[in-house]
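Next up, entry-v1.txt (compact mmCIF, C-alpha atoms):
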# COMPACT_ATOMS: atom_id res chain seq x y z
CA MET A 1 300.04 69.99 3.37
CA PRO A 2 302.05 72.41 5.48
CA ILE A 3 302.92 71.54 9.06
CA LYS A 4 302.90 74.73 11.11
CA TYR A 5 305.01 75.67 14.11
CA SER A 6 304.60 78.85 16.13
CA GLN A 7 307.44 80.12 18.32
CA SER A 8 305.85 78.50 21.38
CA ASP A 9 305.31 75.24 19.45
CA LEU A 10 309.04 75.22 18.71
CA GLU A 11 309.91 75.86 22.34
CA GLN A 12 307.75 72.93 23.44
CA LEU A 13 309.06 70.39 20.94
CA GLU A 14 310.99 67.39 22.21
CA GLN A 15 314.61 68.53 22.26
CA ARG A 16 316.12 66.12 19.74
CA PHE A 17 313.27 66.65 17.28
CA ARG A 18 313.66 70.45 17.56
CA THR A 19 317.45 70.23 17.15
CA ALA A 20 317.01 68.17 13.97
CA LEU A 21 314.24 70.39 12.59
CA ILE A 22 315.97 73.73 13.15
CA ASN A 23 319.37 72.46 12.05
CA ASN A 24 317.77 71.22 8.81
CA ILE A 25 315.52 74.19 8.18
CA HIS A 26 317.98 76.21 6.11
CA GLY A 27 318.59 73.57 3.47
CA TYR A 28 321.99 72.66 2.08
CA LYS A 29 325.05 73.69 4.07
CA PRO A 30 328.72 73.46 3.13
CA LEU A 31 330.76 70.81 4.96
CA THR A 32 334.23 71.77 6.06
CA LEU A 33 336.97 70.30 8.20
CA VAL A 34 338.60 72.99 10.31
CA GLY A 35 342.21 72.28 11.22
CA THR A 36 343.96 73.98 14.12
CA LYS A 37 347.09 73.56 16.22
CA SER A 38 347.65 74.50 19.85
CA ASN A 39 350.68 76.44 21.01
CA SER A 40 351.95 73.21 22.53
CA GLY A 41 351.86 71.58 19.08
CA HIS A 42 348.75 69.36 19.25
CA ASP A 43 346.64 69.55 16.13
CA ASN A 44 342.87 69.22 15.97
CA LEU A 45 340.35 68.60 13.20
CA ALA A 46 336.62 69.30 13.54
CA VAL A 47 333.75 69.25 11.10
CA PHE A 48 331.69 72.41 10.65
CA SER A 49 328.63 73.18 8.56
CA SER A 50 328.44 76.85 9.50
CA LEU A 51 331.01 78.37 7.18
CA PHE A 52 329.82 81.35 5.16
CA HIS A 53 331.11 83.90 2.67
CA LEU A 54 331.65 87.39 4.09
CA GLY A 55 333.42 89.18 1.28
CA ALA A 56 335.59 88.70 -1.78
CA ASN A 57 337.98 91.65 -1.45
CA PRO A 58 339.39 91.32 1.12
CA ALA A 59 338.58 87.60 1.06
CA LEU A 60 336.78 87.00 4.36
CA ILE A 61 334.94 84.04 5.82
CA GLY A 62 332.62 83.66 8.79
CA MET A 63 332.11 80.61 10.95
CA VAL A 64 329.84 79.93 13.91
CA VAL A 65 331.44 78.09 16.82
CA ARG A 66 329.53 76.73 19.77
CA PRO A 67 331.97 76.73 22.68
CA ASP A 68 329.90 74.31 24.75
CA VAL A 69 330.22 71.30 22.41
CA SER A 70 332.98 69.10 21.09
CA PRO A 71 334.70 71.45 18.58
CA ARG A 72 335.70 73.75 21.46
CA HIS A 73 339.35 72.79 20.96
CA THR A 74 339.03 74.53 17.62
CA LEU A 75 338.15 77.87 19.21
CA THR A 76 340.81 77.54 21.90
CA ASN A 77 343.48 76.85 19.28
CA ILE A 78 342.32 79.68 17.00
CA ARG A 79 342.53 82.07 19.96
CA GLU A 80 346.01 80.81 20.86
CA THR A 81 347.59 80.93 17.42
CA GLY A 82 345.29 83.08 15.27
CA ASN A 83 345.44 80.51 12.48
CA PHE A 84 343.26 77.75 11.05
CA SER A 85 342.82 75.69 7.89
CA LEU A 86 339.64 74.81 6.00
CA SER A 87 339.39 71.61 3.96
CA HIS A 88 336.17 71.02 2.10
CA VAL A 89 334.83 67.49 2.40
CA THR A 90 334.32 65.10 -0.52
CA ALA A 91 331.74 62.30 -0.63
CA ALA A 92 334.53 59.74 -0.06
CA GLN A 93 335.58 61.62 3.12
CA ALA A 94 332.09 62.26 4.55
CA LYS A 95 331.94 59.37 7.05
CA GLN A 96 335.39 60.15 8.42
CA ALA A 97 334.48 63.84 8.60
CA HIS A 98 331.31 63.00 10.55
CA GLN A 99 333.40 60.95 12.96
CA THR A 100 335.47 64.03 13.92
CA SER A 101 332.38 65.26 15.79
CA ALA A 102 332.84 62.49 18.39
CA ARG A 103 334.12 63.81 21.72
CA TYR A 104 337.73 62.76 21.63
CA PRO A 105 339.99 63.84 24.50
CA ALA A 106 342.20 66.88 23.87
CA GLU A 107 345.37 64.82 23.50
CA VAL A 108 343.88 62.80 20.62
CA SER A 109 344.13 64.37 17.18
CA GLU A 110 341.15 63.68 14.95
CA PHE A 111 343.62 63.50 12.04
CA ASP A 112 344.85 60.22 13.54
CA ALA A 113 341.64 58.99 15.18
CA CYS A 114 339.57 59.46 11.99
CA GLY A 115 342.17 58.45 9.44
CA PHE A 116 342.98 61.76 7.77
CA LYS A 117 346.44 62.47 6.38
CA ARG A 118 347.91 65.87 7.22
CA TYR A 119 348.69 68.18 4.30
CA PHE A 120 351.18 70.97 4.93
CA ALA A 121 351.51 74.04 2.75
CA GLU A 122 354.84 75.81 2.61
CA GLY A 123 355.08 78.41 5.36
CA TYR A 124 352.01 77.22 7.27
CA SER A 125 352.24 75.12 10.42
CA VAL A 126 348.53 74.27 10.63
CA PRO A 127 347.77 71.17 8.57
CA ALA A 128 344.87 70.81 6.14
CA VAL A 129 343.43 67.51 4.90
CA GLU A 130 345.22 65.56 2.15
CA GLY A 131 342.84 64.80 -0.70
CA SER A 132 340.52 67.75 -0.18
CA PRO A 133 340.12 69.56 -3.54
CA ILE A 134 339.79 72.97 -1.87
CA LYS A 135 342.12 73.88 1.00
CA ILE A 136 342.16 77.30 2.59
CA TRP A 137 344.36 78.84 5.25
CA CYS A 138 342.98 81.70 7.33
CA SER A 139 344.09 84.11 10.00
CA LEU A 140 341.74 85.28 12.74
CA VAL A 141 340.42 88.79 12.13
CA GLN A 142 337.77 89.12 14.82
CA GLU A 143 335.76 87.03 17.24
CA ILE A 144 332.25 88.27 18.00
CA PRO A 145 330.46 86.67 20.95
CA LEU A 146 326.73 86.40 20.33
CA THR A 147 324.95 87.11 23.57
CA GLN A 148 321.69 85.45 22.50
CA ASN A 149 322.99 81.90 22.89
CA GLY A 150 326.69 81.94 23.76
CA THR A 151 327.89 81.07 20.26
CA HIS A 152 330.90 82.80 18.77
CA LEU A 153 331.22 84.22 15.32
CA VAL A 154 334.76 83.79 14.03
CA ILE A 155 335.80 86.04 11.15
CA GLY A 156 338.85 84.96 9.21
CA ALA A 157 340.89 86.38 6.35
CA ILE A 158 341.99 83.99 3.62
CA THR A 159 345.78 84.11 3.54
CA TYR A 160 346.40 81.24 1.14
CA LEU A 161 344.37 78.72 -0.83
CA GLU A 162 344.85 75.73 -3.07
CA VAL A 163 342.21 74.50 -5.46
CA ASP A 164 342.39 71.48 -7.75
CA ASP A 165 342.87 72.61 -11.37
CA LYS A 166 340.11 70.28 -12.60
CA VAL A 167 337.62 72.11 -10.36
CA LEU A 168 338.49 75.70 -11.33
CA LYS A 169 336.76 77.07 -14.41
CA ALA A 170 338.00 79.82 -16.74
CA ASP A 171 335.66 82.43 -15.21
CA GLY A 172 336.92 81.80 -11.65
CA SER A 173 333.90 79.75 -10.62
CA LEU A 174 334.24 76.18 -9.37
CA ASP A 175 332.50 73.02 -10.48
CA LEU A 176 331.45 71.60 -7.12
CA THR A 177 330.37 68.30 -8.70
CA VAL A 178 333.83 67.75 -10.24
CA ALA A 179 335.19 68.54 -6.77
CA GLN A 180 332.85 65.79 -5.45
CA LEU A 181 332.03 68.01 -2.48
CA VAL A 182 329.21 67.07 -0.16
CA ALA A 183 326.56 69.33 1.27
CA CYS A 184 325.14 68.70 4.72
CA GLY A 185 321.54 68.77 5.90
CA GLY A 186 321.20 69.29 9.63
CA LEU A 187 323.85 67.46 11.62
CA ASP A 188 323.86 64.00 10.10
CA THR A 189 322.54 63.90 6.50
CA TYR A 190 324.86 64.22 3.54
CA TYR A 191 324.18 65.01 -0.11
CA THR A 192 326.11 65.18 -3.33
CA GLY A 193 325.21 67.81 -5.93
CA ASP A 194 323.96 67.70 -9.50
CA ARG A 195 324.72 70.76 -11.59
CA LEU A 196 321.47 72.35 -12.75
CA PHE A 197 322.73 75.42 -14.63
CA GLN A 198 324.85 78.57 -14.47
CA LEU A 199 322.92 81.74 -15.29
CA THR A 200 323.81 85.07 -16.86
CA TYR A 201 323.98 88.21 -14.70
CA ALA A 202 320.45 89.37 -13.88
CA LYS A 203 319.20 92.63 -15.38
CA PRO A 204 315.69 94.04 -15.03
CA ASP A 205 314.94 94.06 -18.76
CA ARG A 206 315.87 90.50 -19.66
CA THR A 207 315.31 86.91 -18.55
CA PRO A 208 318.38 85.06 -17.22
CA GLU A 209 319.82 82.55 -19.66
CA GLU A 210 321.88 79.45 -19.14
CA LYS A 211 325.54 80.07 -19.80
CA MET B 1 347.31 69.60 -9.70
CA PRO B 2 346.62 72.32 -7.16
CA ILE B 3 346.44 75.93 -8.28
CA LYS B 4 347.85 78.12 -5.51
CA TYR B 5 346.88 81.65 -4.51
CA SER B 6 348.63 83.70 -1.86
CA GLN B 7 346.87 86.67 -0.24
CA SER B 8 348.64 89.04 -2.63
CA ASP B 9 347.79 86.82 -5.62
CA LEU B 10 344.12 87.13 -4.61
CA GLU B 11 344.39 90.91 -4.28
CA GLN B 12 345.86 91.16 -7.77
CA LEU B 13 343.33 88.95 -9.55
CA GLU B 14 341.02 90.48 -12.13
CA GLN B 15 337.98 91.59 -10.15
CA ARG B 16 335.30 89.40 -11.72
CA PHE B 17 337.50 86.32 -11.57
CA ARG B 18 338.25 86.97 -7.88
CA THR B 19 334.58 87.58 -7.10
CA ALA B 20 333.63 84.28 -8.75
CA LEU B 21 336.47 82.34 -7.10
CA ILE B 22 335.92 83.59 -3.55
CA ASN B 23 332.14 83.37 -3.77
CA ASN B 24 332.50 79.74 -4.90
CA ILE B 25 335.25 78.73 -2.53
CA HIS B 26 333.00 77.55 0.31
CA GLY B 27 331.05 75.02 -1.72
CA TYR B 28 327.30 74.54 -1.55
CA LYS B 29 325.23 77.36 -0.08
CA PRO B 30 321.52 77.46 0.73
CA LEU B 31 319.37 79.57 -1.57
CA THR B 32 316.67 81.65 0.05
CA LEU B 33 314.25 84.36 -1.00
CA VAL B 34 313.98 87.01 1.69
CA GLY B 35 310.65 88.83 1.76
CA THR B 36 310.21 92.21 3.43
CA LYS B 37 307.70 95.05 3.49
CA SER B 38 308.34 98.76 4.01
CA ASN B 39 306.33 100.83 6.47
CA SER B 40 304.65 102.40 3.46
CA GLY B 41 303.42 98.97 2.36
CA HIS B 42 305.73 98.11 -0.55
CA ASP B 43 306.99 94.57 -0.44
CA ASN B 44 310.36 93.35 -1.69
CA LEU B 45 311.87 89.97 -2.50
CA ALA B 46 315.60 89.32 -2.79
CA VAL B 47 317.66 86.19 -3.20
CA PHE B 48 320.34 85.42 -0.62
CA SER B 49 322.88 82.63 -0.33
CA SER B 50 324.29 83.73 3.02
CA LEU B 51 321.75 82.31 5.44
CA PHE B 52 323.18 80.26 8.28
CA HIS B 53 322.07 78.41 11.39
CA LEU B 54 322.86 80.16 14.66
CA GLY B 55 321.00 78.07 17.22
CA ALA B 56 318.10 75.69 17.72
CA ASN B 57 316.77 76.86 21.09
CA PRO B 58 316.00 79.69 20.76
CA ALA B 59 315.73 79.16 16.99
CA LEU B 60 318.05 81.79 15.52
CA ILE B 61 319.32 82.47 12.02
CA GLY B 62 322.07 84.68 10.68
CA MET B 63 322.26 86.39 7.32
CA VAL B 64 324.92 88.56 5.69
CA VAL B 65 323.62 91.67 3.93
CA ARG B 66 325.76 93.88 1.73
CA PRO B 67 324.19 97.34 1.94
CA ASP B 68 325.98 98.61 -1.17
CA VAL B 69 324.30 96.25 -3.66
CA SER B 70 320.82 95.59 -4.89
CA PRO B 71 319.24 93.82 -1.90
CA ARG B 72 319.63 96.98 0.16
CA HIS B 73 315.84 97.43 0.19
CA THR B 74 315.80 94.26 2.25
CA LEU B 75 317.93 95.76 5.01
CA THR B 76 316.02 99.06 4.98
CA ASN B 77 312.72 97.23 5.34
CA ILE B 78 314.00 94.92 8.08
CA ARG B 79 315.20 97.97 10.02
CA GLU B 80 311.83 99.70 9.54
CA THR B 81 309.55 96.84 10.53
CA GLY B 82 311.74 94.31 12.32
CA ASN B 83 310.23 91.49 10.28
CA PHE B 84 311.13 89.33 7.30
CA SER B 85 310.21 86.04 5.67
CA LEU B 86 312.45 83.29 4.30
CA SER B 87 311.30 81.04 1.45
CA HIS B 88 313.67 78.33 0.35
CA VAL B 89 314.03 78.00 -3.40
CA THR B 90 313.14 74.89 -5.41
CA ALA B 91 314.74 73.88 -8.71
CA ALA B 92 311.59 75.03 -10.56
CA GLN B 93 311.92 78.50 -8.96
CA ALA B 94 315.69 78.95 -9.39
CA LYS B 95 315.64 81.09 -12.55
CA GLN B 96 312.99 83.41 -11.14
CA ALA B 97 314.88 83.60 -7.86
CA HIS B 98 318.08 84.53 -9.72
CA GLN B 99 316.17 87.28 -11.50
CA THR B 100 315.32 89.00 -8.18
CA SER B 101 319.00 90.03 -8.02
CA ALA B 102 318.45 92.46 -10.92
CA ARG B 103 318.44 96.09 -9.80
CA TYR B 104 314.76 96.92 -9.91
CA PRO B 105 313.68 100.37 -8.73
CA ALA B 106 312.29 100.58 -5.18
CA GLU B 107 308.69 100.96 -6.33
CA VAL B 108 308.83 97.64 -8.24
CA SER B 109 308.16 94.53 -6.18
CA GLU B 110 310.19 91.52 -7.27
CA PHE B 111 307.14 89.39 -6.42
CA ASP B 112 305.47 90.92 -9.48
CA ALA B 113 308.53 91.53 -11.67
CA CYS B 114 309.79 87.95 -11.29
CA GLY B 115 306.46 86.14 -11.27
CA PHE B 116 306.21 85.00 -7.66
CA LYS B 117 302.85 84.66 -5.93
CA ARG B 118 302.61 86.10 -2.40
CA TYR B 119 301.80 83.68 0.40
CA PHE B 120 300.41 85.16 3.60
CA ALA B 121 300.42 83.36 6.93
CA GLU B 122 297.76 84.28 9.48
CA GLY B 123 298.90 87.18 11.64
CA TYR B 124 301.93 88.07 9.47
CA SER B 125 301.91 91.01 7.07
CA VAL B 126 305.18 90.13 5.30
CA PRO B 127 304.52 87.73 2.43
CA ALA B 128 306.52 84.57 1.73
CA VAL B 129 306.65 82.77 -1.63
CA GLU B 130 303.79 80.49 -2.65
CA GLY B 131 305.09 77.03 -3.56
CA SER B 132 308.17 77.11 -1.38
CA PRO B 133 308.23 73.90 0.71
CA ILE B 134 309.88 75.66 3.67
CA LYS B 135 308.65 79.10 4.73
CA ILE B 136 309.94 80.89 7.79
CA TRP B 137 308.99 84.16 9.44
CA CYS B 138 311.56 85.96 11.54
CA SER B 139 311.86 89.00 13.75
CA LEU B 140 315.03 91.06 13.91
CA VAL B 141 317.06 90.37 17.05
CA GLN B 142 320.28 92.25 16.33
CA GLU B 143 322.17 93.87 13.50
CA ILE B 144 325.95 93.73 13.71
CA PRO B 145 327.91 95.96 11.32
CA LEU B 146 331.15 94.33 10.26
CA THR B 147 333.80 96.99 10.04
CA GLN B 148 336.11 94.94 7.79
CA ASN B 149 334.02 95.43 4.64
CA GLY B 150 330.81 97.27 5.47
CA THR B 151 328.59 94.19 5.43
CA HIS B 152 325.90 93.72 8.03
CA LEU B 153 325.15 90.59 9.95
CA VAL B 154 321.42 90.28 10.58
CA ILE B 155 320.37 87.97 13.41
CA GLY B 156 316.74 86.87 13.38
CA ALA B 157 314.55 84.78 15.65
CA ILE B 158 312.20 82.29 14.01
CA THR B 159 308.69 83.27 15.09
CA TYR B 160 306.74 80.93 12.81
CA LEU B 161 307.44 78.32 10.18
CA GLU B 162 305.63 76.09 7.74
CA VAL B 163 307.17 72.97 6.24
CA ASP B 164 305.61 70.62 3.72
CA ASP B 165 304.57 67.37 5.43
CA LYS B 166 306.20 65.26 2.69
CA VAL B 167 309.58 66.85 3.51
CA LEU B 168 309.50 66.42 7.30
CA LYS B 169 310.73 63.08 8.62
CA ALA B 170 309.77 61.36 11.90
CA ASP B 171 313.03 62.38 13.61
CA GLY B 172 312.55 66.10 12.82
CA SER B 173 315.05 66.12 9.96
CA LEU B 174 314.07 67.17 6.45
CA ASP B 175 314.56 65.41 3.14
CA LEU B 176 315.96 68.24 1.05
CA THR B 177 315.69 66.20 -2.16
CA VAL B 178 311.94 65.63 -1.62
CA ALA B 179 311.73 69.38 -1.01
CA GLN B 180 313.48 69.83 -4.39
CA LEU B 181 315.60 72.59 -2.89
CA VAL B 182 318.52 73.99 -4.82
CA ALA B 183 321.95 74.79 -3.51
CA CYS B 184 323.95 77.67 -4.94
CA GLY B 185 327.60 77.82 -5.92
CA GLY B 186 328.98 81.34 -6.03
CA LEU B 187 326.49 83.84 -7.41
CA ASP B 188 325.16 82.13 -10.51
CA THR B 189 325.48 78.32 -10.43
CA TYR B 190 322.69 76.13 -9.14
CA TYR B 191 322.65 72.51 -8.04
CA THR B 192 320.11 69.95 -6.93
CA GLY B 193 321.00 67.39 -4.28
CA ASP B 194 321.26 63.61 -4.19
CA ARG B 195 320.91 62.07 -0.78
CA LEU B 196 324.07 60.16 0.11
CA PHE B 197 323.27 58.92 3.64
CA GLN B 198 322.22 59.88 7.14
CA LEU B 199 324.68 58.79 9.82
CA THR B 200 324.37 57.75 13.46
CA TYR B 201 325.60 60.09 16.22
CA ALA B 202 329.40 59.99 16.33
CA LYS B 203 331.09 58.44 19.36
CA PRO B 204 334.84 57.90 19.81
CA ASP B 205 334.61 54.12 20.18
CA ARG B 206 332.55 53.26 17.12
CA THR B 207 332.36 53.92 13.38
CA PRO B 208 329.34 55.92 12.17
CA GLU B 209 326.69 53.80 10.47
CA GLU B 210 324.06 54.65 7.91
CA LYS B 211 320.65 55.06 9.51
Take the structure in the file and write it out as structure tokens.
Amino acid sequence: MPIKYSQSDLEQLEQRFRTALINNIHGYKPLTLVGTKSNSGHDNLAVFSSLFHLGANPALIGMVVRPDVSPRHTLTNIRETGNFSLSHVTAAQAKQAHQTSARYPAEVSEFDACGFKRYFAEGYSVPAVEGSPIKIWCSLVQEIPLTQNGTHLVIGAITYLEVDDKVLKADGSLDLTVAQLVACGGLDTYYTGDRLFQLTYAKPDRTPEEK
Amino acid sequence: MPIKYSQSDLEQLEQRFRTALINNIHGYKPLTLVGTKSNSGHDNLAVFSSLFHLGANPALIGMVVRPDVSPRHTLTNIRETGNFSLSHVTAAQAKQAHQTSARYPAEVSEFDACGFKRYFAEGYSVPAVEGSPIKIWCSLVQEIPLTQNGTHLVIGAITYLEVDDKVLKADGSLDLTVAQLVACGGLDTYYTGDRLFQLTYAKPDRTPEEK
């Protein structure tokens, strides 16, 4: 049976219930630790589930940042230095990654507080997370403030990436189950993936087949 | 062993390999069928993996649309009518959903060509997909052209939604495995989810626990 919510039903829902419902309503989300460093040298690590693909050439990513909640240090540092790292989260790292969303004071680095080891790539001062099978370094391209709710859309260009060789397939695609990545539902539920199939390129006159 | 790509390495990759790599690089993505209808009454259905959460109150979603590829009818229709539906894809629907990415002519509706049954909610003329456990109707709030690569960011407000009662939990969160939703990797690989855990709200002075 469907449960139905109109716009005014949604507005009248108890706040925590609505937050959970609307944060869950788009299904599986990627889970990423965003690493930044302030000009004064303090690094910061915050978990995000709002990363999305914007383009392959040039390689661009988008990320939604809410400046009014705990990951605000992330936005401040990105504005200061123009650089950030992305480390995708494995199942073994999921509890620690969740813990980075606690409101630590600015002088505390979540790398230390949550037990993550810093990983430095040659030529990059912003650390990523040791043990993450996919690590990406980005430079800020544009920040778009969204007037509807005060969130900020951060657009970044991929300047460097490292991917575990066991995860990368011959066609350039990745096996996310070999990577042991987690997906996130809402703000607090975590899933691992089971590979269903990879399909051939869709054409109007044929049915897609499993590769 | 990590495989390393600099920005210039990425630029020089063979195009299909780069497309696969960069489309896969952000892990699990939600898979959604976007339904639209033109002013002349033709409906259209296109699969997207770029939907993201923008805010819970008001309930806002974001979606990246590439106007130069097949789902361009989607953007044209959204501009014409200001309305669209979102139907999240189950494992049983994944092959049909993939097939909507074939380049059908404008007069062909992917509902018919790919074997989807239209689902109409009272008061809404844009159909969603029968059998989808999460169906959402949105109105266009803003379209932001991204100058970096010609993509368009569509921001929509959720005006109505229906969710299967078996999927909705008492706290407002959803069980995505009960919903049998698929996640997408890149453009052609599909995954189902296994629930790992749901964690308590993170606070600096305690370790997150499984709920």
Kindly provide, as a CSV table (one decimal) with C-alpha atoms, in the frame of the given file, the residues of chain A having any atom no farther than 6 Å from an atom of chain B, counting only C-alpha atoms.
chain,number,residue,atom,x,y,z
A,1,MET,CA,300.0,70.0,3.4
A,2,PRO,CA,302.0,72.4,5.5
A,3,ILE,CA,302.9,71.5,9.1
A,4,LYS,CA,302.9,74.7,11.1
A,5,TYR,CA,305.0,75.7,14.1
A,6,SER,CA,304.6,78.8,16.1
A,7,GLN,CA,307.4,80.1,18.3
A,17,PHE,CA,313.3,66.6,17.3
A,19,THR,CA,317.4,70.2,17.2
A,20,ALA,CA,317.0,68.2,14.0
A,21,LEU,CA,314.2,70.4,12.6
A,22,ILE,CA,316.0,73.7,13.2
A,24,ASN,CA,317.8,71.2,8.8
A,27,GLY,CA,318.6,73.6,3.5
A,28,TYR,CA,322.0,72.7,2.1
A,29,LYS,CA,325.0,73.7,4.1
A,30,PRO,CA,328.7,73.5,3.1
A,56,ALA,CA,335.6,88.7,-1.8
A,99,GLN,CA,333.4,61.0,13.0
A,102,ALA,CA,332.8,62.5,18.4
A,104,TYR,CA,337.7,62.8,21.6
A,159,THR,CA,345.8,84.1,3.5
A,160,TYR,CA,346.4,81.2,1.1
A,161,LEU,CA,344.4,78.7,-0.8
A,162,GLU,CA,344.8,75.7,-3.1
A,163,VAL,CA,342.2,74.5,-5.5
A,164,ASP,CA,342.4,71.5,-7.8
A,165,ASP,CA,342.9,72.6,-11.4
A,171,ASP,CA,335.7,82.4,-15.2
A,172,GLY,CA,336.9,81.8,-11.6
A,173,SER,CA,333.9,79.8,-10.6
A,174,LEU,CA,334.2,76.2,-9.4
A,183,ALA,CA,326.6,69.3,1.3
A,188,ASP,CA,323.9,64.0,10.1
A,189,THR,CA,322.5,63.9,6.5
A,190,TYR,CA,324.9,64.2,3.5
A,191,TYR,CA,324.2,65.0,-0.1
A,192,THR,CA,326.1,65.2,-3.3
A,193,GLY,CA,325.2,67.8,-5.9
A,194,ASP,CA,324.0,67.7,-9.5
A,195,ARG,CA,324.7,70.8,-11.6
A,196,LEU,CA,321.5,72.4,-12.8
A,197,PHE,CA,322.7,75.4,-14.6
A,198,GLN,CA,324.8,78.6,-14.5
A,199,LEU,CA,322.9,81.7,-15.3
A,202,ALA,CA,320.4,89.4,-13.9
A,203,LYS,CA,319.2,92.6,-15.4
A,204,PRO,CA,315.7,94.0,-15.0
Practice task
Could you jot down the atom CA of A:Ala128 to atom CA of A:Phe48 separation for me, Å, one decimal place?
Solution key: 14.0 Å
Using only the atoms of stretch 100-118 of chain B listed in the file, plus 6 Å on each side, state the axis-aligned box centre and edge lengths in Å rounded to one decimal, as JSON.
{"center_x": 310.8, "center_y": 92.8, "center_z": -7.0, "size_x": 28.4, "size_y": 28.3, "size_z": 21.3}
Practice task
One decimal, Å: what's the distance from atom CA of A:Tyr119 over to atom CA of A:Arg72, could you say?
Solution key: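 Taking atom CA of A:Tyr119 as the start and atom CA of A:Arg72 as the end point, the length is 22.2 Å.
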Exercise for the section: Find the distance between atom CA of A:His73 and atom CA of A:Thr36 and write it in Å to one decimal. Expected result: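 Pair atom CA of A:His73 / atom CA of A:Thr36 returns 8.3 Å.
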When you write stretch 48-79 of chain B out from the block above, keep C-alpha atoms and present the result as a PDB file, in the first residue's frame, please.
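Okay, part04.pdb is ready:
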ATOM      1  CA  PHE B  48      19.164   9.255 -14.617  1.00  0.00           C
ATOM      2  CA  SER B  49      21.851   8.500 -12.062  1.00  0.00           C
ATOM      3  CA  SER B  50      22.516  12.114 -11.117  1.00  0.00           C
ATOM      4  CA  LEU B  51      19.717  12.804  -8.662  1.00  0.00           C
ATOM      5  CA  PHE B  52      20.785  14.297  -5.355  1.00  0.00           C
ATOM      6  CA  HIS B  53      19.302  15.602  -2.127  1.00  0.00           C
ATOM      7  CA  LEU B  54      19.316  19.382  -1.775  1.00  0.00           C
ATOM      8  CA  GLY B  55      17.216  19.958   1.322  1.00  0.00           C
ATOM      9  CA  ALA B  56      14.508  18.483   3.525  1.00  0.00           C
ATOM     10  CA  ASN B  57      12.481  21.601   4.360  1.00  0.00           C
ATOM     11  CA  PRO B  58      11.521  22.700   1.798  1.00  0.00           C
ATOM     12  CA  ALA B  59      12.002  19.285   0.169  1.00  0.00           C
ATOM     13  CA  LEU B  60      14.300  19.987  -2.783  1.00  0.00           C
ATOM     14  CA  ILE B  61      16.115  17.761  -5.240  1.00  0.00           C
ATOM     15  CA  GLY B  62      18.855  18.417  -7.758  1.00  0.00           C
ATOM     16  CA  MET B  63      19.491  16.638 -11.026  1.00  0.00           C
ATOM     17  CA  VAL B  64      22.194  17.033 -13.669  1.00  0.00           C
ATOM     18  CA  VAL B  65      20.958  17.016 -17.267  1.00  0.00           C
ATOM     19  CA  ARG B  66      23.245  16.850 -20.269  1.00  0.00           C
ATOM     20  CA  PRO B  67      21.354  18.574 -23.087  1.00  0.00           C
ATOM     21  CA  ASP B  68      23.551  17.091 -25.810  1.00  0.00           C
ATOM     22  CA  VAL B  69      22.587  13.441 -25.240  1.00  0.00           C
ATOM     23  CA  SER B  70      19.468  11.365 -25.446  1.00  0.00           C
ATOM     24  CA  PRO B  71      17.537  12.522 -22.368  1.00  0.00           C
ATOM     25  CA  ARG B  72      17.251  15.998 -23.868  1.00  0.00           C
ATOM     26  CA  HIS B  73      13.492  15.491 -24.310  1.00  0.00           C
ATOM     27  CA  THR B  74      13.371  15.447 -20.532  1.00  0.00           C
ATOM     28  CA  LEU B  75      14.809  18.946 -20.225  1.00  0.00           C
ATOM     29  CA  THR B  76      12.637  20.319 -23.046  1.00  0.00           C
ATOM     30  CA  ASN B  77       9.511  18.938 -21.395  1.00  0.00           C
ATOM     31  CA  ILE B  78      10.478  20.192 -17.934  1.00  0.00           C
ATOM     32  CA  ARG B  79      11.008  23.665 -19.389  1.00  0.00           C
TER      33      ARG B  79
END
